[in-house]
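**Q** Sharing my_file_12.cif, mmCIF, C-alpha atoms:
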data_query
#
loop_
_atom_site.label_atom_id
_atom_site.label_comp_id
_atom_site.auth_asym_id
_atom_site.auth_seq_id
_atom_site.Cartn_x
_atom_site.Cartn_y
_atom_site.Cartn_z
CA MET A 232 179.26 151.92 -21.60
CA ASN A 233 181.19 150.73 -18.55
CA LEU A 234 180.23 151.85 -15.08
CA SER A 235 183.24 154.03 -14.36
CA THR A 236 182.70 156.04 -17.57
CA SER A 237 178.97 156.49 -17.04
CA TRP A 238 179.46 157.82 -13.52
CA THR A 239 181.94 160.41 -14.77
CA ILE A 240 179.61 161.66 -17.51
CA CYS A 241 176.63 161.94 -15.16
CA ILE A 242 178.57 163.95 -12.61
CA ALA A 243 179.98 166.35 -15.22
CA ALA A 244 176.53 166.84 -16.76
CA ALA A 245 175.01 167.66 -13.37
CA ILE A 246 177.65 170.28 -12.67
CA GLN A 247 177.14 171.99 -16.01
CA LEU A 248 173.35 171.95 -15.68
CA HIS A 249 173.29 173.78 -12.36
CA SER A 250 176.10 176.26 -12.94
CA PRO A 251 177.17 179.04 -15.32
CA THR A 252 179.12 177.84 -18.29
CA ASN A 253 182.28 179.52 -17.04
CA ALA A 254 182.11 178.26 -13.44
CA PHE A 255 182.81 174.58 -13.92
CA VAL A 256 185.71 174.38 -11.47
CA THR A 257 184.03 176.52 -8.81
CA ASN A 258 180.90 174.38 -8.82
CA HIS A 259 182.92 171.19 -8.72
CA ILE A 260 184.50 172.42 -5.48
CA TYR A 261 181.04 173.24 -4.16
CA LEU A 262 179.84 169.77 -5.07
CA GLY A 263 182.82 168.31 -3.26
CA ARG A 264 181.82 170.15 -0.10
CA ALA A 265 178.27 168.96 -0.37
CA ILE A 266 179.31 165.31 -0.32
CA SER A 267 182.42 165.67 1.78
CA THR A 268 181.29 162.88 4.10
CA THR A 269 181.32 160.29 1.32
CA SER A 270 184.18 158.40 -0.29
CA LEU A 271 182.81 159.30 -3.73
CA GLU A 272 184.18 162.85 -3.43
CA TYR A 273 187.72 161.58 -3.25
CA ALA A 274 187.12 159.21 -6.13
CA ILE A 275 185.85 162.12 -8.28
CA LYS A 276 188.79 164.37 -7.41
CA GLY A 277 191.23 161.58 -8.09
CA ALA A 278 189.56 161.01 -11.46
CA GLY A 279 190.26 164.56 -12.63
CA ALA A 280 187.30 166.55 -11.25
CA GLY A 281 184.71 165.07 -13.56
CA ILE A 282 187.01 164.45 -16.52
CA SER A 283 187.99 160.80 -16.11
CA ILE A 284 191.69 159.98 -16.12
CA ILE A 285 190.94 156.42 -15.03
CA PRO A 286 190.91 153.76 -17.76
CA PRO A 287 187.35 152.56 -18.38
CA GLY A 288 186.15 149.09 -17.56
CA ASP A 289 187.89 148.44 -14.23
CA LEU A 290 185.32 149.95 -11.82
CA ALA A 291 188.14 152.02 -10.30
CA LEU A 292 186.04 155.19 -9.93
CA PHE A 293 183.04 153.56 -8.33
CA ASP A 294 182.57 149.86 -7.63
CA PRO A 295 178.99 149.05 -6.59
CA ASN A 296 180.17 145.91 -4.84
CA THR A 297 182.43 147.96 -2.58
CA ASP A 298 180.83 151.41 -2.43
CA GLY A 299 177.19 150.69 -3.13
CA LYS A 300 177.00 147.32 -1.33
CA LEU A 301 174.23 146.18 -3.70
CA GLN A 302 171.91 145.64 -0.75
CA GLY A 303 174.50 143.33 0.74
CA THR A 304 174.25 140.82 -2.09
CA ASN A 305 177.67 141.53 -3.68
CA ASN A 306 176.50 140.03 -6.98
CA LEU A 307 177.16 142.78 -9.51
CA MET A 308 177.86 140.48 -12.43
CA ASP A 309 174.62 138.55 -11.91
CA ARG A 310 172.66 141.79 -12.00
CA ILE A 311 174.37 142.97 -15.17
CA SER A 312 173.93 139.65 -17.00
CA LYS A 313 170.34 138.98 -15.91
CA GLY A 314 169.04 142.53 -16.14
CA ALA A 315 165.36 142.85 -15.25
CA SER A 316 165.10 139.13 -14.50
CA PHE A 317 167.52 139.41 -11.57
CA THR A 318 166.07 138.57 -8.17
CA LEU A 319 167.65 138.75 -4.77
CA ALA A 320 168.58 135.40 -3.25
CA PRO A 321 166.28 134.44 -0.39
CA PRO A 322 167.83 134.97 3.03
CA GLN A 323 169.27 131.93 4.77
CA ILE A 324 167.25 130.62 7.65
CA THR A 325 168.67 128.66 10.55
CA VAL A 326 166.35 126.08 12.06
CA ALA A 327 166.70 123.88 15.12
CA THR A 328 165.57 120.74 13.29
CA PRO A 329 165.72 119.79 9.60
CA PRO A 330 162.49 120.00 7.57
CA PRO A 331 160.56 116.81 6.80
CA GLY A 332 161.96 114.60 4.06
CA VAL A 333 165.57 115.75 4.45
CA ASP A 334 168.14 112.94 4.68
CA VAL A 335 170.52 113.92 7.49
CA GLN A 336 173.86 112.10 7.64
CA GLU A 337 176.69 112.43 10.09
CA ALA A 338 179.99 113.61 8.67
CA GLN A 339 183.41 114.32 10.06
CA HIS A 340 183.97 118.02 9.60
CA PHE A 341 186.32 119.53 12.17
CA LEU A 342 189.07 120.16 9.58
CA GLU A 343 186.92 121.21 6.64
CA HIS A 344 187.86 124.83 7.25
CA LEU A 345 191.48 124.25 6.25
CA ASP A 346 190.90 125.00 2.56
CA ALA A 347 187.80 127.18 2.88
CA ASN A 348 187.70 130.66 1.35
CA ASP A 349 190.62 129.85 -0.97
CA GLU A 350 192.99 129.55 1.98
CA LEU A 351 195.44 126.71 2.55
CA PRO A 352 197.60 125.60 5.49
CA LEU A 353 201.14 126.49 4.42
CA ASN A 354 204.56 126.44 6.06
CA PHE A 355 203.66 125.66 9.65
CA ALA A 356 207.41 125.16 9.90
CA LYS A 357 210.25 126.22 7.60
CA PRO A 358 213.17 123.92 6.70
CA GLN A 359 215.50 126.29 8.57
CA ALA A 360 213.45 125.75 11.74
CA PRO A 361 211.81 122.30 11.46
CA VAL A 362 209.52 120.71 13.99
CA THR A 363 209.51 117.15 15.28
CA ALA A 364 207.13 114.41 14.18
CA THR A 365 206.99 111.06 15.97
CA VAL A 366 206.83 107.76 14.10
CA LEU A 367 203.78 105.68 15.00
CA GLY A 368 204.33 102.80 12.60
CA ARG A 369 205.80 101.53 9.34
CA THR A 370 204.85 98.66 7.04
CA LYS A 371 206.10 97.24 3.75
CA LEU A 372 203.68 97.73 0.86
CA ILE A 373 204.96 95.30 -1.78
CA THR A 374 205.57 91.57 -1.93
CA ASP A 375 208.98 89.94 -1.90
CA ASP A 376 208.85 89.22 -5.64
CA ALA A 377 208.49 92.92 -6.44
CA PRO A 378 211.73 94.85 -6.92
CA GLY A 379 212.92 97.33 -4.33
CA ASP A 380 211.47 98.34 -1.00
CA ILE A 381 208.42 100.60 -0.56
CA GLU A 382 207.22 101.50 2.93
CA HIS A 383 204.15 103.21 4.36
CA VAL A 384 205.12 105.45 7.27
CA ILE A 385 202.67 107.00 9.74
CA MET A 386 203.79 109.88 11.96
CA LYS A 387 202.18 112.03 14.63
CA LEU A 388 202.49 115.75 13.93
CA PRO A 389 202.93 118.57 16.44
CA ASP A 390 199.73 120.17 17.67
CA GLY A 391 198.42 122.76 15.23
CA MET A 392 200.23 121.40 12.16
CA HIS A 393 197.69 120.55 9.46
CA TYR A 394 197.59 119.94 5.72
CA VAL A 395 195.14 119.13 2.94
CA GLU A 396 195.10 116.44 0.28
CA GLY A 397 197.66 116.94 -2.48
CA GLN A 398 200.20 118.88 -0.42
CA SER A 399 203.75 117.79 0.41
CA LEU A 400 205.93 117.50 3.50
CA SER A 401 209.64 118.23 3.83
CA VAL A 402 211.74 115.71 5.74
CA ILE A 403 215.22 116.58 6.99
CA PRO A 404 217.26 113.39 7.54
CA PRO A 405 219.51 113.27 10.59
CA GLY A 406 223.26 113.72 10.41
CA VAL A 407 225.43 115.87 8.19
CA ASP A 408 226.37 115.76 4.54
CA GLU A 409 229.89 114.33 4.25
CA LYS A 410 230.61 116.52 1.23
CA THR A 411 229.61 119.84 2.78
CA GLY A 412 229.85 119.19 6.51
CA ARG A 413 226.41 120.77 6.92
CA ASN A 414 223.00 119.38 7.79
CA HIS A 415 221.32 117.42 5.05
CA LYS A 416 219.00 119.35 2.78
CA PRO A 417 215.24 118.70 3.12
CA ARG A 418 213.58 116.14 0.87
CA LEU A 419 210.01 116.71 -0.30
CA TYR A 420 207.47 113.86 -0.11
CA SER A 421 203.88 113.85 -1.32
CA ILE A 422 201.45 113.24 1.52
CA ALA A 423 199.63 109.91 1.19
CA SER A 424 196.79 110.57 3.64
CA THR A 425 193.84 112.90 3.99
CA ARG A 426 193.79 115.87 6.31
CA TYR A 427 192.34 113.62 9.02
CA GLY A 428 195.18 111.11 8.73
CA ASP A 429 194.99 107.32 8.77
CA LEU A 430 193.86 107.45 12.41
CA LEU A 431 191.16 110.01 11.61
CA ASP A 432 192.32 112.17 14.50
CA GLY A 433 193.50 115.11 12.41
CA ASN A 434 196.96 114.86 13.96
CA THR A 435 198.75 112.24 11.87
CA ILE A 436 200.34 112.09 8.44
CA SER A 437 201.35 109.23 6.12
CA LEU A 438 204.11 108.97 3.56
CA CYS A 439 204.73 106.42 0.82
CA VAL A 440 208.50 106.03 0.42
CA ARG A 441 210.67 103.95 -1.91
CA ARG A 442 214.15 103.17 -0.66
CA ALA A 443 216.59 104.60 -3.20
CA GLU A 444 219.16 101.92 -3.94
CA TYR A 445 222.02 101.54 -6.39
CA VAL A 446 222.88 98.14 -7.83
CA ASP A 447 226.37 97.72 -9.31
CA PRO A 448 225.86 96.52 -12.91
CA ASN A 449 229.03 94.47 -12.76
CA THR A 450 228.53 92.64 -9.47
CA GLY A 451 224.75 92.85 -9.18
CA GLU A 452 225.22 93.88 -5.55
CA LYS A 453 223.73 96.90 -3.79
CA ASP A 454 226.16 99.68 -2.97
CA PRO A 455 225.27 101.11 0.48
CA SER A 456 227.43 104.17 -0.10
CA LYS A 457 225.12 105.28 -2.92
CA GLN A 458 221.76 104.65 -1.30
CA GLY A 459 219.32 107.48 -0.69
CA VAL A 460 220.01 109.22 2.59
CA CYS A 461 216.46 110.28 3.46
CA SER A 462 214.57 107.40 1.86
CA SER A 463 216.79 104.84 3.63
CA PHE A 464 216.20 106.66 6.90
CA LEU A 465 212.41 106.68 6.49
CA CYS A 466 212.26 103.08 5.28
CA SER A 467 214.04 101.97 8.46
CA VAL A 468 212.35 104.06 11.17
CA GLN A 469 210.78 102.40 14.18
CA PRO A 470 207.81 103.48 16.33
CA GLY A 471 208.90 106.23 18.67
CA ASP A 472 211.62 107.58 16.39
CA GLU A 473 211.66 111.34 15.88
CA VAL A 474 211.72 112.92 12.43
CA SER A 475 212.46 116.56 11.60
CA VAL A 476 209.79 117.90 9.24
CA ALA A 477 208.73 121.19 7.66
CA GLY A 478 205.85 122.44 5.59
CA PRO A 479 203.28 121.68 4.39
CA VAL A 480 203.67 123.16 0.92
CA GLY A 481 201.68 122.97 -2.30
CA LYS A 482 198.89 125.01 -3.86
CA THR A 483 198.24 123.42 -7.24
CA MET A 484 197.87 119.64 -7.09
CA LEU A 485 194.59 119.70 -5.20
CA LEU A 486 191.16 118.20 -5.70
CA PRO A 487 188.86 120.35 -7.87
CA LYS A 488 186.57 122.70 -5.97
CA ASP A 489 183.56 121.61 -8.01
CA PRO A 490 182.45 118.22 -6.58
CA THR A 491 180.81 117.30 -9.90
CA ASN A 492 184.12 117.40 -11.80
CA ASP A 493 185.73 114.14 -12.90
CA VAL A 494 189.14 113.24 -11.47
CA ILE A 495 191.74 111.42 -13.58
CA MET A 496 194.82 110.14 -11.74
CA ILE A 497 197.84 108.55 -13.46
CA ALA A 498 200.91 107.42 -11.54
CA THR A 499 203.72 104.90 -11.33
CA GLY A 500 205.08 103.49 -8.08
CA THR A 501 205.11 105.88 -5.15
CA GLY A 502 203.61 108.57 -7.39
CA ILE A 503 200.30 107.20 -6.14
CA ALA A 504 200.85 108.90 -2.75
CA PRO A 505 198.70 112.03 -3.29
CA PHE A 506 196.05 110.00 -5.13
CA ARG A 507 195.63 107.71 -2.14
CA GLY A 508 194.68 110.80 -0.16
CA PHE A 509 192.25 111.82 -2.89
CA MET A 510 190.63 108.37 -3.00
CA HIS A 511 190.21 108.15 0.76
CA ARG A 512 188.60 111.58 0.85
CA LEU A 513 186.21 110.85 -2.01
CA PHE A 514 185.30 107.25 -1.27
CA MET A 515 186.30 106.13 2.22
CA GLU A 516 186.00 108.81 4.86
CA ASN A 517 182.66 109.95 6.20
CA THR A 518 183.07 113.60 5.27
CA LEU A 519 181.07 116.22 3.42
CA ALA A 520 183.47 115.87 0.47
CA ARG A 521 182.53 112.21 0.09
CA HIS A 522 178.78 112.89 0.30
CA GLU A 523 178.99 115.74 -2.23
CA PHE A 524 181.23 114.10 -4.82
CA GLY A 525 179.19 113.49 -7.96
CA GLY A 526 181.88 113.03 -10.59
CA ARG A 527 183.84 110.00 -11.74
CA ALA A 528 187.32 109.00 -10.66
CA TRP A 529 189.85 107.11 -12.78
CA LEU A 530 193.05 105.74 -11.26
CA VAL A 531 195.77 104.35 -13.55
CA LEU A 532 198.77 102.89 -11.72
CA GLY A 533 201.83 101.45 -13.44
CA VAL A 534 203.98 98.82 -11.65
CA PRO A 535 206.51 96.24 -12.91
CA VAL A 536 204.77 93.22 -11.34
CA SER A 537 201.40 92.60 -9.71
CA GLY A 538 203.08 92.30 -6.32
CA GLY A 539 204.06 95.93 -6.68
CA LEU A 540 200.48 97.22 -6.71
CA LEU A 541 200.32 99.73 -3.89
CA TYR A 542 197.32 99.89 -1.55
CA LYS A 543 195.55 97.19 -3.58
CA GLU A 544 193.51 95.99 -0.60
CA GLU A 545 192.17 99.50 0.02
CA PHE A 546 191.08 100.00 -3.58
CA ASP A 547 189.56 96.50 -3.67
CA CYS A 548 187.51 97.47 -0.60
CA MET A 549 186.23 100.57 -2.40
CA LEU A 550 185.16 98.41 -5.33
CA ARG A 551 183.40 95.88 -3.08
CA ASN A 552 181.52 98.66 -1.36
CA GLY A 553 180.47 100.08 -4.69
CA GLU A 554 182.18 103.35 -3.88
CA PHE A 555 184.68 103.43 -6.74
#
Could I get this file's structure written as structure tokens?
**A**
Amino acid sequence: MNLSTSWTICIAAAIQLHSPTNAFVTNHIYLGRAISTTSLEYAIKGAGAGISIIPPGDLALFDPNTDGKLQGTNNLMDRISKGASFTLAPPQITVATPPPGVDVQEAQHFLEHLDANDELPLNFAKPQAPVTATVLGRTKLITDDAPGDIEHVIMKLPDGMHYVEGQSLSVIPPGVDEKTGRNHKPRLYSIASTRYGDLLDGNTISLCVRRAEYVDPNTGEKDPSKQGVCSSFLCSVQPGDEVSVAGPVGKTMLLPKDPTNDVIMIATGTGIAPFRGFMHRLFMENTLARHEFGGRAWLVLGVPVSGGLLYKEEFDCMLRNGEF
């Protein structure tokens, strides 16, 4: 029997027990007056005056978590599943110093609230009203024998703009589209850093960008008129340049909430960007996430030549430190 049904039956039985058989409605009104100061009266009236019109099983008539408070524990399902073996959790105690034998470690934590309570930082700025990021630096990630051009770009964000690992940033390249005469549309890039940024100040962001180029199959020459507008812009920026950005966006490609879960990452080329943020959070930064992680992480990266391995030195450092 579900809870909403059982409450309805008990109330109807009580009314019939203490009233004449032909005075059901009158006594229901009397009962409503007697408990007029409670929210249960309105729930009963809305349920058909003791004859439930609410579908069973959804706790719509009376939810102990909301109406009964369960002594403040809010653990209805635990009580139902455990029955008589259920015990209240011991109250939390705050102490000035840790108890003996506890290993206390320092951890960076000032941005750990960003994804707490199932909340995420989203759309600090919209593409229609972007904000300005400032380029701090740019470096090439691949060797000369590897095809193409892939750059790592670090930018300083406006105050208050934050993100978490696995999210993306919109970049609006300067100038106008020759075909439409309007501003260029935003391009979305996966963020390649953790929420603290490569400078660990919580105010920077990194992108991993491949310059989009077109090579004429007949001449073998690059055609500048067909190169990527935004990627070419980002792969050529200099420190101090300003970049219009929007976002962050993304709710799904995030690290698992359970720190004991394994993480499998498969990418080719710049697809490694979000995984670099994952790896730094799990194995490099001195954060609670790193200390708590108890799963395994696999990273599979596909590149055409060994000189195209992105962030190889960083991953080698993780291996040397026994962190990966």
**Q** Do you know which residues are at most 9 Å from range 512-525 of chain A counting only C-alpha atoms, after dropping those on the same chain fewer than 2 positions away, and could you put them as a ChimeraX atom specification?
**A** /A:336-340,343,396,424-427,431,489-493,507-510,527-528,549,554-555
**Q** Report the residues retrieved by the PyMOL selection byres ((chain A and resi 393) around 8) from the displayed file, expressed as a PyMOL selection string.
**A** chain A and resi 345+352+355+391-392+394-395+426+433-434+479
**Q** Could you state the separation of CA of Val480 in chain A and CA of Gln458 in chain A in Å, given to one decimal place?
**A**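 Pair CA of Val480 in chain A / CA of Gln458 in chain A returns 26.0 Å.
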**Q** Which of these, A:Thr483, A:Gln469, A:Gly406, A:Asp432, has the shortest distance to Asp390 in chain A once you count only C-alpha atoms?
**A**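 Of A:Thr483, A:Gln469, A:Gly406, A:Asp432, the one nearest Asp390 in chain A is A:Asp432, counting only C-alpha atoms.
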**Q** Calculate how many Å separate CA of Leu367 in chain A from CA of Asp472 in chain A, rounding to one decimal.
**A**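 So the two atoms, CA of Leu367 in chain A and CA of Asp472 in chain A, lie 8.2 Å apart.
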**Q** Could you tell me how far CA of Tyr420 in chain A sits from CA of Leu438 in chain A, in Å to one decimal place?
**A**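 A separation of 7.0 Å between them.
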**Q** Could you write out as JSON the box around range 479-488 of chain A (axis-aligned, all atoms listed in the file, 4 Å on each side), with centre and edge lengths in Å to one decimal?
**A**
{"center_x": 195.1, "center_y": 121.6, "center_z": -1.7, "size_x": 25.1, "size_y": 14.8, "size_z": 20.3}
**Q** Compare A:Val407, A:Ile381, A:Leu372, A:Cys466 by their minimum atom-to-atom distance to Tyr542 in chain A, counting only C-alpha atoms, and give me the closest one.
**A**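 The answer is A:Leu372, which sits nearest to Tyr542 in chain A.
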**Q** A:Pro404, A:Pro505, A:Asn449, A:Ala477: which is nearest Ser462 in chain A, counting only C-alpha atoms?
**A**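 Checking each of A:Pro404, A:Pro505, A:Asn449, A:Ala477 against Ser462 in chain A, counting only C-alpha atoms, the winner is A:Pro404.
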**Q** Pick out the residues sitting within 12 Å of Val534 in chain A, and hand them over as a VMD selection string; count only C-alpha atoms, and ignore anything fewer than 3 positions along from it in its own chain.
**A** chain A and resid 373 377 to 379 497 to 503 531 537 to 541 543
**Q** What do you get, as a ChimeraX atom specification, if you spell out every residue that the PyMOL selection byres ((chain A and resi 382) around 7) selects here?
**A** /A:369-372,380-381,383-384,439-441,466
**Q** Which residues, protein or nucleic acid, reach to within 8 Å of (223.2, 101.2, -1.9) in the file's coordinates when using all atoms listed in the file, and can you give that as a list in words?
**A**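 Output: Ala443, Glu444, Tyr445, Val446, Lys453, Asp454, Pro455, Ser456, Lys457, Gln458 and Gly459 of chain A.
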**Q** Please expand the PyMOL selection byres ((chain A and resi 401) around 6) into the concrete residues it hits in this file, giving the result as a count of residues only.
**A** 8
